[in-house]
file start_11.txt (compact mmCIF, C-alpha atoms)
# COMPACT_ATOMS: atom_id res chain seq x y z
CA MET A 1 23.76 19.63 23.92
CA PRO A 2 22.54 16.98 21.46
CA LYS A 3 25.27 15.86 19.11
CA ASN A 4 25.58 17.40 15.66
CA LYS A 5 25.03 14.48 13.26
CA VAL A 6 25.31 16.45 10.03
CA VAL A 7 28.04 14.76 7.98
CA PRO A 8 29.17 14.73 4.35
CA ILE A 9 27.22 12.13 2.37
CA GLU A 10 30.44 10.18 1.65
CA GLU A 11 31.08 9.74 5.37
CA ALA A 12 27.50 8.64 6.13
CA MET A 13 27.36 6.20 3.22
CA SER A 14 30.77 4.70 4.02
CA HIS A 15 28.91 2.56 6.57
CA VAL A 16 27.28 0.61 3.70
CA GLU A 17 29.12 -2.58 2.79
CA SER A 18 28.47 -5.49 0.44
CA GLY A 19 26.09 -8.10 1.79
CA MET A 20 24.28 -5.71 4.12
CA SER A 21 20.54 -5.38 4.68
CA ILE A 22 19.06 -1.93 4.06
CA ALA A 23 15.62 -0.61 5.01
CA VAL A 24 14.48 2.08 2.58
CA GLY A 25 11.76 4.65 3.22
CA GLY A 26 9.32 5.99 0.66
CA PHE A 27 6.32 4.81 -1.32
CA ILE A 28 6.52 4.57 -5.14
CA GLY A 29 8.45 7.83 -5.30
CA GLN A 30 6.69 9.67 -2.47
CA GLY A 31 9.48 10.41 0.01
CA ASP A 32 12.01 8.06 -1.60
CA PRO A 33 15.57 8.93 -0.44
CA LEU A 34 16.82 9.63 -3.97
CA THR A 35 19.93 11.56 -2.88
CA LEU A 36 21.19 8.55 -0.91
CA ILE A 37 20.16 6.11 -3.65
CA ASP A 38 22.07 8.23 -6.19
CA HIS A 39 25.14 7.97 -3.96
CA LEU A 40 24.74 4.18 -3.67
CA LYS A 41 24.77 4.02 -7.47
CA LEU A 42 28.35 5.35 -7.38
CA MET A 43 29.55 2.92 -4.70
CA ASP A 44 31.25 -0.44 -5.20
CA VAL A 45 28.85 -2.60 -3.20
CA LYS A 46 26.91 -5.74 -4.07
CA ASP A 47 24.70 -8.50 -2.65
CA LEU A 48 22.49 -6.00 -0.85
CA THR A 49 19.16 -7.11 0.64
CA ILE A 50 16.57 -4.33 0.44
CA TYR A 51 13.48 -4.00 2.62
CA GLU A 52 11.17 -1.43 1.07
CA ASN A 53 7.49 -1.12 0.25
CA ASP A 54 8.33 -1.15 -3.47
CA ALA A 55 11.33 -0.60 -5.73
CA GLY A 56 10.53 2.99 -6.68
CA TYR A 57 8.54 4.34 -9.60
CA GLY A 58 9.26 3.78 -13.28
CA GLU A 59 13.04 4.07 -13.74
CA ARG A 60 13.75 5.89 -10.44
CA GLY A 61 14.55 4.49 -7.03
CA VAL A 62 16.00 1.22 -5.77
CA VAL A 63 15.18 -0.26 -9.19
CA GLU A 64 18.33 1.56 -10.43
CA LEU A 65 20.49 -0.39 -7.95
CA VAL A 66 18.83 -3.61 -9.13
CA LYS A 67 19.67 -2.78 -12.75
CA GLN A 68 23.28 -2.20 -11.69
CA GLY A 69 23.38 -5.68 -10.17
CA LYS A 70 23.96 -4.42 -6.63
CA VAL A 71 20.87 -6.07 -5.11
CA LYS A 72 20.60 -9.77 -4.31
CA LYS A 73 17.11 -9.74 -2.82
CA ILE A 74 14.24 -7.34 -2.31
CA VAL A 75 11.50 -7.80 0.26
CA ALA A 76 8.57 -5.60 -0.80
CA SER A 77 4.78 -5.50 -0.91
CA HIS A 78 4.50 -4.30 -4.50
CA VAL A 79 6.91 -4.13 -7.44
CA GLY A 80 4.37 -3.45 -10.20
CA THR A 81 5.43 0.19 -10.63
CA THR A 82 8.95 -0.79 -11.73
CA PRO A 83 8.81 -3.19 -14.72
CA ALA A 84 12.59 -3.79 -14.56
CA ILE A 85 12.10 -5.69 -11.27
CA GLY A 86 9.90 -8.35 -12.86
CA LYS A 87 12.44 -8.68 -15.66
CA ALA A 88 15.39 -9.10 -13.27
CA MET A 89 13.42 -11.67 -11.28
CA ASN A 90 12.43 -13.69 -14.36
CA GLU A 91 16.04 -13.70 -15.53
CA GLY A 92 17.18 -15.06 -12.17
CA ARG A 93 19.22 -11.96 -11.29
CA LEU A 94 17.05 -10.96 -8.33
CA GLU A 95 15.13 -12.70 -5.58
CA VAL A 96 11.80 -11.02 -4.74
CA GLU A 97 9.91 -11.82 -1.55
CA ALA A 98 6.38 -10.42 -1.50
CA THR A 99 5.21 -9.34 1.94
CA PRO A 100 1.89 -7.71 2.85
CA GLN A 101 2.33 -3.96 3.22
CA GLY A 102 1.05 -3.76 6.79
CA THR A 103 3.22 -6.70 7.79
CA LEU A 104 6.35 -5.06 6.36
CA ALA A 105 5.65 -1.77 8.16
CA GLU A 106 5.07 -3.59 11.46
CA MET A 107 8.20 -5.75 11.02
CA MET A 108 10.23 -2.54 10.89
CA ARG A 109 8.39 -0.87 13.79
CA CYS A 110 8.75 -3.97 15.98
CA GLY A 111 12.44 -4.30 15.18
CA GLY A 112 13.01 -0.78 16.44
CA ALA A 113 10.73 -1.22 19.44
CA GLY A 114 12.67 -4.11 20.93
CA LEU A 115 9.95 -6.68 20.27
CA GLY A 116 10.71 -10.16 19.00
CA GLY A 117 7.83 -10.20 16.58
CA PHE A 118 4.07 -9.87 16.35
CA LEU A 119 0.90 -11.79 15.53
CA THR A 120 -1.06 -10.73 12.45
CA PRO A 121 -4.28 -12.15 10.98
CA THR A 122 -3.21 -10.82 7.56
CA GLY A 123 -2.41 -13.63 5.13
CA ILE A 124 -4.08 -16.50 7.01
CA GLY A 125 -5.24 -19.03 4.42
CA THR A 126 -2.82 -17.67 1.79
CA ILE A 127 0.78 -18.44 0.78
CA ALA A 128 1.84 -15.67 3.21
CA GLU A 129 1.47 -18.23 6.01
CA GLU A 130 3.70 -20.84 4.34
CA GLY A 131 6.74 -21.69 6.44
CA LYS A 132 5.53 -19.45 9.27
CA GLN A 133 4.51 -20.41 12.77
CA LEU A 134 0.74 -20.10 13.29
CA ILE A 135 -0.71 -19.27 16.69
CA THR A 136 -4.35 -19.37 17.78
CA LEU A 137 -5.39 -16.85 20.42
CA GLU A 138 -8.95 -16.60 21.70
CA GLY A 139 -10.18 -18.56 18.73
CA ARG A 140 -8.50 -16.46 16.04
CA LYS A 141 -5.60 -17.67 13.94
CA TYR A 142 -2.51 -15.50 13.51
CA ILE A 143 0.83 -15.64 11.71
CA LEU A 144 3.86 -15.10 13.95
CA VAL A 145 6.06 -12.60 12.11
CA PRO A 146 9.60 -12.04 13.44
CA ALA A 147 10.70 -8.42 13.86
CA LEU A 148 13.12 -6.95 11.32
CA LYS A 149 16.56 -5.62 12.15
CA CYS A 150 18.62 -4.13 9.32
CA ASP A 151 22.22 -2.98 9.14
CA ILE A 152 21.34 0.35 7.50
CA ALA A 153 18.28 2.50 6.90
CA ILE A 154 18.08 5.28 4.33
CA ILE A 155 15.18 7.71 4.59
CA ARG A 156 14.09 11.18 3.51
CA ALA A 157 12.44 13.92 5.54
CA HIS A 158 11.11 17.35 4.64
CA ALA A 159 12.79 19.03 7.59
CA GLY A 160 15.35 17.98 10.13
CA ASP A 161 17.59 19.51 12.74
CA THR A 162 21.22 18.79 13.41
CA TRP A 163 20.42 16.05 15.96
CA GLY A 164 18.16 14.25 13.47
CA ASN A 165 14.72 15.23 14.72
CA LEU A 166 12.59 14.87 11.59
CA ILE A 167 9.37 16.26 10.16
CA PHE A 168 7.79 14.71 7.08
CA ARG A 169 5.39 16.34 4.66
CA GLY A 170 2.12 14.92 3.29
CA THR A 171 2.11 11.31 2.16
CA SER A 172 5.93 11.24 2.08
CA ARG A 173 5.93 10.13 5.73
CA ASN A 174 4.88 6.52 4.91
CA PHE A 175 7.66 3.93 5.45
CA ASN A 176 10.23 6.58 6.38
CA VAL A 177 9.04 6.46 9.99
CA PRO A 178 9.20 2.66 10.59
CA ALA A 179 12.37 2.30 8.48
CA ALA A 180 14.10 4.85 10.71
CA MET A 181 13.45 2.63 13.73
CA CYS A 182 14.75 -0.74 12.57
CA ALA A 183 18.39 -0.27 11.61
CA ASP A 184 21.76 -0.15 13.36
CA TYR A 185 22.80 2.92 11.36
CA VAL A 186 20.14 5.31 10.08
CA ILE A 187 20.90 7.95 7.47
CA ALA A 188 18.34 10.71 6.86
CA GLU A 189 18.49 13.07 3.90
CA VAL A 190 16.65 16.27 4.73
CA GLU A 191 15.25 18.83 2.33
CA ASN A 192 15.52 21.63 4.88
CA LEU A 193 18.11 21.67 7.67
CA TYR A 194 17.57 23.60 10.91
CA THR A 195 19.61 24.38 13.98
CA LEU A 196 18.53 22.97 17.35
CA GLY A 197 15.44 24.65 18.74
CA GLU A 198 14.12 25.89 15.42
CA LEU A 199 11.70 22.98 14.92
CA ASP A 200 8.56 22.91 17.05
CA PRO A 201 9.01 20.02 19.54
CA ASN A 202 5.27 19.27 19.19
CA ALA A 203 5.62 18.72 15.45
CA ILE A 204 8.48 16.16 15.40
CA HIS A 205 7.45 12.88 13.69
CA THR A 206 10.68 10.95 14.22
CA SER A 207 12.90 11.68 17.21
CA GLY A 208 16.60 12.16 16.62
CA ILE A 209 17.19 9.21 18.97
CA PHE A 210 16.58 6.94 15.96
CA VAL A 211 18.87 8.84 13.55
CA ASP A 212 22.64 8.45 13.21
CA ALA A 213 23.53 10.74 10.31
CA VAL A 214 21.90 13.73 8.65
CA VAL A 215 22.77 14.81 5.11
CA ARG A 216 21.34 17.49 2.82
CA ALA A 217 19.00 16.25 0.10
CA ASN A 218 19.91 17.10 -3.46
CA VAL A 219 18.06 20.32 -4.25
CA GLU A 220 16.34 18.83 -7.32
CA TYR A 221 14.54 16.25 -5.14
CA CYS A 222 13.11 18.82 -2.78
CA THR A 223 9.43 19.60 -2.93
CA ILE A 224 9.41 22.96 -1.20
CA ARG A 225 12.32 24.94 0.16
CA GLU A 226 11.58 27.61 2.66
CA GLU A 227 13.51 29.81 5.01
CA LYS A 228 11.32 29.10 8.01
CA PHE A 229 9.46 25.84 8.40
CA ASN A 230 5.75 26.45 8.67
CA GLY A 231 4.38 22.93 8.74
CA MET B 1 -25.04 3.21 -22.07
CA ALA B 2 -21.99 3.84 -19.91
CA ASP B 3 -18.95 1.55 -20.06
CA ALA B 4 -18.60 -1.40 -17.67
CA LYS B 5 -16.25 0.37 -15.25
CA THR B 6 -18.55 3.37 -14.90
CA ILE B 7 -21.57 1.12 -14.33
CA ILE B 8 -19.74 -0.81 -11.61
CA ALA B 9 -18.41 2.32 -9.89
CA ALA B 10 -21.84 3.98 -9.97
CA ARG B 11 -23.55 0.94 -8.42
CA ALA B 12 -20.82 0.64 -5.77
CA GLY B 13 -21.30 4.33 -4.95
CA ARG B 14 -24.98 3.69 -4.24
CA ASP B 15 -23.95 1.15 -1.58
CA LEU B 16 -22.07 3.76 0.47
CA LYS B 17 -23.53 4.71 3.81
CA ASP B 18 -23.28 8.05 5.55
CA GLY B 19 -20.33 8.27 7.90
CA GLN B 20 -18.38 5.32 6.52
CA ILE B 21 -14.58 5.22 6.43
CA ILE B 22 -13.61 3.59 3.13
CA ASN B 23 -10.48 2.58 1.24
CA LEU B 24 -10.53 2.47 -2.57
CA GLY B 25 -8.13 0.24 -4.50
CA ILE B 26 -6.13 1.38 -7.51
CA GLY B 27 -7.88 1.65 -10.89
CA LEU B 28 -11.62 1.04 -11.18
CA PRO B 29 -12.31 1.35 -7.40
CA THR B 30 -10.87 4.88 -7.41
CA LEU B 31 -13.76 5.92 -9.72
CA ILE B 32 -16.26 5.19 -6.92
CA ALA B 33 -15.30 8.53 -5.34
CA ASN B 34 -17.14 10.18 -8.26
CA PHE B 35 -20.41 8.42 -7.36
CA VAL B 36 -20.95 9.23 -3.70
CA PRO B 37 -24.72 9.87 -3.41
CA GLU B 38 -26.18 13.24 -2.40
CA GLY B 39 -26.51 13.51 1.36
CA VAL B 40 -23.96 10.77 2.02
CA ASP B 41 -20.63 11.76 3.55
CA VAL B 42 -17.83 9.20 3.49
CA VAL B 43 -14.20 9.60 4.55
CA ILE B 44 -11.63 8.09 2.19
CA GLN B 45 -8.44 6.56 3.59
CA THR B 46 -5.48 5.80 1.36
CA GLU B 47 -3.03 3.24 2.72
CA ASN B 48 0.12 5.16 1.82
CA GLY B 49 -0.78 7.51 4.64
CA ALA B 50 -3.72 9.89 4.38
CA ILE B 51 -7.34 10.09 5.50
CA GLY B 52 -9.91 12.56 4.22
CA VAL B 53 -8.89 12.33 0.57
CA GLY B 54 -10.72 14.97 -1.45
CA PRO B 55 -11.02 15.78 -5.16
CA ALA B 56 -8.00 15.74 -7.47
CA PRO B 57 -6.11 19.05 -7.39
CA ALA B 58 -6.60 21.61 -10.16
CA PRO B 59 -4.07 21.30 -12.99
CA GLY B 60 -0.85 22.98 -11.92
CA CYS B 61 -1.61 22.52 -8.21
CA GLU B 62 -0.27 18.97 -7.94
CA ASP B 63 2.22 18.33 -5.14
CA ARG B 64 4.74 15.45 -5.08
CA ASP B 65 4.13 14.97 -1.35
CA ARG B 66 0.36 14.63 -1.74
CA ALA B 67 -0.67 11.51 -3.63
CA ASN B 68 -2.70 8.35 -3.20
CA ALA B 69 -1.50 4.75 -3.24
CA GLY B 70 -1.70 4.79 -7.05
CA ASN B 71 0.54 7.89 -7.15
CA GLN B 72 -2.29 10.14 -8.39
CA PRO B 73 -2.19 13.67 -6.92
CA ILE B 74 -4.75 14.28 -4.17
CA THR B 75 -6.10 17.03 -1.96
CA LEU B 76 -7.35 16.64 1.59
CA ILE B 77 -10.77 17.76 2.81
CA PRO B 78 -10.88 19.84 6.03
CA GLY B 79 -10.26 17.44 8.90
CA GLY B 80 -8.01 15.19 6.84
CA SER B 81 -4.58 14.14 8.06
CA TYR B 82 -1.38 12.31 7.17
CA PHE B 83 0.35 9.47 9.01
CA ASP B 84 3.05 6.81 8.64
CA SER B 85 2.58 3.31 7.20
CA ALA B 86 2.54 1.47 10.55
CA THR B 87 -0.28 3.76 11.73
CA SER B 88 -2.08 3.41 8.40
CA PHE B 89 -2.20 -0.36 8.74
CA ALA B 90 -3.31 -0.11 12.35
CA MET B 91 -6.34 1.72 10.90
CA ILE B 92 -6.83 -1.01 8.30
CA ARG B 93 -5.93 -4.20 10.18
CA GLY B 94 -7.35 -2.96 13.45
CA GLY B 95 -10.94 -2.90 12.21
CA HIS B 96 -11.24 0.90 12.05
CA THR B 97 -12.07 0.90 8.32
CA ASP B 98 -15.69 0.21 7.38
CA ALA B 99 -15.34 -0.90 3.78
CA THR B 100 -12.71 -1.65 1.16
CA PHE B 101 -13.34 -1.80 -2.59
CA LEU B 102 -10.90 -3.86 -4.65
CA GLY B 103 -10.62 -5.16 -8.18
CA THR B 104 -9.79 -8.82 -8.72
CA LEU B 105 -8.49 -11.49 -11.04
CA GLN B 106 -10.68 -14.19 -9.47
CA VAL B 107 -13.25 -14.54 -6.70
CA ASP B 108 -15.00 -17.78 -5.73
CA GLU B 109 -18.17 -19.05 -4.12
CA LYS B 110 -16.56 -19.29 -0.68
CA GLY B 111 -15.58 -15.62 -0.81
CA ASN B 112 -11.92 -16.34 -1.57
CA ILE B 113 -10.17 -13.52 -3.45
CA ALA B 114 -7.14 -13.83 -5.77
CA ASN B 115 -5.88 -10.51 -7.13
CA TRP B 116 -2.14 -10.19 -6.68
CA ILE B 117 -0.26 -12.73 -8.75
CA VAL B 118 -0.56 -14.80 -11.91
CA PRO B 119 1.98 -17.56 -11.27
CA GLY B 120 4.77 -17.57 -13.84
CA LYS B 121 3.46 -14.43 -15.54
CA MET B 122 2.81 -11.41 -13.38
CA LEU B 123 4.08 -10.49 -9.96
CA ALA B 124 2.77 -7.08 -8.96
CA GLY B 125 2.60 -7.96 -5.28
CA MET B 126 -0.25 -7.80 -2.83
CA GLY B 127 0.51 -4.25 -1.68
CA GLY B 128 -2.00 -3.50 1.06
CA ALA B 129 -4.71 -5.82 -0.29
CA MET B 130 -4.12 -8.72 2.12
CA ASP B 131 -4.37 -6.37 5.09
CA LEU B 132 -7.42 -4.59 3.65
CA VAL B 133 -9.45 -7.76 3.04
CA THR B 134 -8.52 -9.02 6.51
CA GLY B 135 -9.25 -5.83 8.43
CA ALA B 136 -12.05 -3.95 6.68
CA LYS B 137 -15.52 -4.69 8.03
CA THR B 138 -17.05 -5.10 4.56
CA VAL B 139 -15.02 -6.27 1.57
CA TYR B 140 -16.35 -5.35 -1.88
CA ILE B 141 -15.02 -6.89 -5.05
CA VAL B 142 -15.74 -4.47 -7.89
CA SER B 143 -14.72 -6.01 -11.17
CA GLU B 144 -15.83 -6.85 -14.68
CA HIS B 145 -17.78 -10.09 -14.65
CA CYS B 146 -15.50 -11.92 -17.10
CA ALA B 147 -11.79 -11.96 -17.83
CA LYS B 148 -10.43 -10.74 -21.19
CA ASP B 149 -10.65 -14.29 -22.58
CA GLY B 150 -14.37 -14.39 -21.75
CA SER B 151 -14.07 -16.78 -18.81
CA SER B 152 -16.00 -16.02 -15.64
CA LYS B 153 -14.05 -14.27 -12.87
CA LEU B 154 -16.71 -15.58 -10.45
CA MET B 155 -15.40 -19.11 -10.05
CA LYS B 156 -16.20 -22.30 -8.17
CA GLN B 157 -12.70 -22.18 -6.75
CA CYS B 158 -9.86 -19.69 -7.27
CA THR B 159 -6.87 -21.18 -9.10
CA PHE B 160 -4.40 -18.33 -8.44
CA PRO B 161 -2.78 -17.81 -5.00
CA LEU B 162 -5.23 -16.13 -2.64
CA THR B 163 -5.21 -12.58 -1.33
CA GLY B 164 -7.70 -13.52 1.37
CA ALA B 165 -9.60 -16.63 2.40
CA GLU B 166 -13.40 -16.27 2.69
CA GLU B 167 -13.12 -12.48 2.96
CA CYS B 168 -15.35 -11.19 0.12
CA ASP B 169 -18.77 -9.92 1.28
CA VAL B 170 -20.16 -8.27 -1.87
CA ILE B 171 -19.44 -8.69 -5.58
CA ILE B 172 -20.46 -5.91 -7.97
CA THR B 173 -19.94 -6.41 -11.71
CA GLU B 174 -21.40 -4.57 -14.71
CA ARG B 175 -23.99 -7.37 -14.88
CA ALA B 176 -25.01 -8.25 -11.34
CA LEU B 177 -24.68 -7.72 -7.60
CA PHE B 178 -24.18 -10.63 -5.17
CA ARG B 179 -24.01 -10.50 -1.38
CA ARG B 180 -22.63 -13.31 0.79
CA TYR B 181 -24.54 -14.35 3.92
CA PRO B 182 -23.33 -16.70 6.66
CA GLY B 183 -24.51 -20.23 5.94
CA LYS B 184 -26.04 -19.25 2.60
CA GLY B 185 -23.13 -18.25 0.43
CA PHE B 186 -23.59 -15.70 -2.33
CA VAL B 187 -27.09 -14.50 -3.18
CA LEU B 188 -27.90 -12.77 -6.48
CA GLU B 189 -29.79 -9.66 -5.46
CA GLU B 190 -29.61 -7.40 -8.51
CA VAL B 191 -29.29 -7.82 -12.26
CA ALA B 192 -28.18 -4.92 -14.47
CA VAL B 193 -30.06 -3.49 -17.42
CA GLY B 194 -29.56 -5.61 -20.52
CA TYR B 195 -29.19 -8.96 -18.70
CA THR B 196 -31.61 -11.71 -17.67
CA LEU B 197 -31.34 -14.26 -14.87
CA ASP B 198 -30.36 -16.80 -17.53
CA ASP B 199 -27.62 -14.49 -18.83
CA ILE B 200 -26.11 -14.24 -15.34
CA ALA B 201 -26.30 -18.02 -14.86
CA ALA B 202 -24.51 -18.52 -18.19
CA CYS B 203 -21.54 -16.30 -17.30
CA THR B 204 -21.16 -17.21 -13.61
CA ASP B 205 -19.24 -20.34 -12.62
CA MET B 206 -19.66 -20.01 -8.86
CA ALA B 207 -22.71 -21.41 -7.10
CA TYR B 208 -25.20 -18.84 -5.83
CA ALA B 209 -28.81 -18.53 -4.72
CA VAL B 210 -31.27 -16.12 -6.33
CA ALA B 211 -32.97 -13.77 -3.88
CA ASP B 212 -36.75 -14.09 -3.68
CA ASP B 213 -37.00 -10.38 -4.36
CA VAL B 214 -34.18 -10.22 -6.94
CA LYS B 215 -34.30 -6.87 -8.73
CA LEU B 216 -34.10 -6.90 -12.51
CA GLU B 217 -32.88 -3.81 -14.39
CA ALA B 218 -31.60 -2.67 -10.99
CA PHE B 219 -28.68 -0.57 -12.27
CA GLY B 220 -26.59 0.18 -15.33
CA GLU B 221 -28.89 2.50 -17.26
call {"tool": "encode", "arguments": {"input": "start_11.txt", "output": "structure tokens"}}
result
Amino acid sequence: MPKNKVVPIEEAMSHVESGMSIAVGGFIGQGDPLTLIDHLKLMDVKDLTIYENDAGYGERGVVELVKQGKVKKIVASHVGTTPAIGKAMNEGRLEVEATPQGTLAEMMRCGGAGLGGFLTPTGIGTIAEEGKQLITLEGRKYILVPALKCDIAIIRAHAGDTWGNLIFRGTSRNFNVPAAMCADYVIAEVENLYTLGELDPNAIHTSGIFVDAVVRANVEYCTIREEKFNG
Amino acid sequence: MADAKTIIAARAGRDLKDGQIINLGIGLPTLIANFVPEGVDVVIQTENGAIGVGPAPAPGCEDRDRANAGNQPITLIPGGSYFDSATSFAMIRGGHTDATFLGTLQVDEKGNIANWIVPGKMLAGMGGAMDLVTGAKTVYIVSEHCAKDGSSKLMKQCTFPLTGAEECDVIITERALFRRYPGKGFVLEEVAVGYTLDDIAACTDMAYAVADDVKLEAFGE
């Protein structure tokens, strides 16, 4: 019988410590793990390094942790939707490393897939290649990008079972899938929780093998709640 | 006469070919979806994880889990689907996307594009743009011809950090259309209503050739 990974949010989040690296799912608010971010806001941690596509949207998301001074560095493809990030960077309170979106997603996927890195043509001839090893294969130039391994990942799914099998909804799947693969300890907040066997095995997007803890999402961040999941 | 953005989006729409898979950048490029010609079917991919993007939902029918890369609510057409970001960029980087339409800060005569950072001023980030210009088969820059200060965005050489090196294939502005050909560089093929060849020369810093059959008053009515 697969293990029941449903735990109180305090227990799951107690794995987060100062100085850790955290992969965060979501895309400018779509599928952002706001329940877990809200809990991080209450915790006494600092010097976090965040790997996320962005820093949230407007005033919501990882940007709130930045404003609290908990984040040392953010590696993202786009921070234009959260003006407070540019401000923190200009004031020297935050380091921002811009990474192409496809490169960031693949860094996470590779980290979880046991690969050392990958070769991408994206960014050749731009500052994205600075400081990176370049490799030419069959006449085409590539950047060698090392895979990403994080201490923690926090993600959100629409539905999950007690073992951590996850189903996402619409465009909220995004970085939640690769983020779930790349961390030592993966915490998923789920909008709808099911017992084993209730979710269609054909419909699972992320296998519970990647997930360490399952917590219930705060009801106000849920898009649709339903008694029986219907896809 | 329509405003510059509408003129650009309408001309870009006329360039679409039946069956193409396209990705539209945030802002002006998104308007191109309103100008798909009759009889032309294109499939729109959005890099946050959907293909088959349809019209905006009716007011009141928006859904937080259904949005494009600019966070605008979307619907899907029949046959559309959702996927994760690693899969999305396999579609983009892997050469499965026919055309991408992006705005820009600068573009130059070699086809270099700079649209993600103004050093010391603005850091939005490149988002998916570096992957899109690398992986899409045809890269369109759709942008106003000049910056707010009146300087030409079509430069001899980009001064901002690049998004892609020698990746731009077509430039469409409210004044003109240029296509880049191997060994020839950019060729002026169309001039919009209200502009002459001299007007285009006066507001374009990059070097270009004029097509033998250049079309005047080609668009922008």
call {"tool": "residues_around", "arguments": {"input": "start_11.txt", "residues": "stretch 196-203 of chain A", "least_positions_apart": "5", "cutoff": "7 Å", "atoms": "all atoms listed in the file", "output": "number ranges by chain"}}
result
A: 161-162, 167
call {"tool": "atom_distance", "arguments": {"input": "start_11.txt", "atom1": "atom CA of A:His15", "atom2": "atom CA of A:Glu52"}}
result
19.0 Å
call {"tool": "interface_residues", "arguments": {"input": "start_11.txt", "of": "chain A", "to": "chain B", "cutoff": "7 Å", "atoms": "all atoms listed in the file", "output": "PDB file with C-alpha atoms, in the frame of the given file"}}
result
ATOM      1  CA  PHE A  27       6.320   4.810  -1.320  1.00  0.00           C
ATOM      2  CA  GLN A  30       6.690   9.670  -2.470  1.00  0.00           C
ATOM      3  CA  SER A  77       4.780  -5.500  -0.910  1.00  0.00           C
ATOM      4  CA  HIS A  78       4.500  -4.300  -4.500  1.00  0.00           C
ATOM      5  CA  VAL A  79       6.910  -4.130  -7.440  1.00  0.00           C
ATOM      6  CA  GLY A  80       4.370  -3.450 -10.200  1.00  0.00           C
ATOM      7  CA  GLY A  86       9.900  -8.350 -12.860  1.00  0.00           C
ATOM      8  CA  ALA A  98       6.380 -10.420  -1.500  1.00  0.00           C
ATOM      9  CA  PRO A 100       1.890  -7.710   2.850  1.00  0.00           C
ATOM     10  CA  GLN A 101       2.330  -3.960   3.220  1.00  0.00           C
ATOM     11  CA  GLY A 102       1.050  -3.760   6.790  1.00  0.00           C
ATOM     12  CA  ALA A 105       5.650  -1.770   8.160  1.00  0.00           C
ATOM     13  CA  GLU A 106       5.070  -3.590  11.460  1.00  0.00           C
ATOM     14  CA  PRO A 121      -4.280 -12.150  10.980  1.00  0.00           C
ATOM     15  CA  THR A 122      -3.210 -10.820   7.560  1.00  0.00           C
ATOM     16  CA  GLY A 123      -2.410 -13.630   5.130  1.00  0.00           C
ATOM     17  CA  GLY A 125      -5.240 -19.030   4.420  1.00  0.00           C
ATOM     18  CA  THR A 126      -2.820 -17.670   1.790  1.00  0.00           C
ATOM     19  CA  ILE A 127       0.780 -18.440   0.780  1.00  0.00           C
ATOM     20  CA  ARG A 169       5.390  16.340   4.660  1.00  0.00           C
ATOM     21  CA  GLY A 170       2.120  14.920   3.290  1.00  0.00           C
ATOM     22  CA  THR A 171       2.110  11.310   2.160  1.00  0.00           C
ATOM     23  CA  SER A 172       5.930  11.240   2.080  1.00  0.00           C
ATOM     24  CA  ARG A 173       5.930  10.130   5.730  1.00  0.00           C
ATOM     25  CA  ASN A 174       4.880   6.520   4.910  1.00  0.00           C
ATOM     26  CA  PHE A 175       7.660   3.930   5.450  1.00  0.00           C
ATOM     27  CA  VAL A 177       9.040   6.460   9.990  1.00  0.00           C
ATOM     28  CA  PRO A 178       9.200   2.660  10.590  1.00  0.00           C
ATOM     29  CA  THR A 223       9.430  19.600  -2.930  1.00  0.00           C
TER      30      THR A 223
END
call {"tool": "atom_distance", "arguments": {"input": "start_11.txt", "atom1": "atom CA of A:Leu104", "atom2": "atom CA of B:Pro55"}}
result
29.5 Å
call {"tool": "atom_distance", "arguments": {"input": "start_11.txt", "atom1": "atom CA of B:Phe101", "atom2": "atom CA of B:Lys5"}}
result
13.2 Å
call {"tool": "closest_residue", "arguments": {"input": "start_11.txt", "among": "B:Ala12, B:Ala99, B:Ile172, B:Ala2", "to": "B:Lys137", "atoms": "only C-alpha atoms"}}
result
B:Ala99
call {"tool": "residues_near_point", "arguments": {"input": "start_11.txt", "point": "(11.1, 0.5, -13.2)", "cutoff": "12 Å", "atoms": "all atoms listed in the file", "output": "VMD selection string"}}
result
chain A and resid 28 to 29 54 to 67 78 to 88
call {"tool": "residues_around", "arguments": {"input": "start_11.txt", "residues": "stretch 213-215 of chain B", "least_positions_apart": "3", "cutoff": "9 Å", "atoms": "only C-alpha atoms", "output": "PyMOL selection string"}}
result
chain B and resi 188-192+210+218
call {"tool": "residues_around", "arguments": {"input": "start_11.txt", "residues": "B:Val40", "least_positions_apart": "4", "cutoff": "8 Å", "atoms": "all atoms listed in the file", "output": "VMD selection string"}}
result
chain B and resid 16 to 19 36
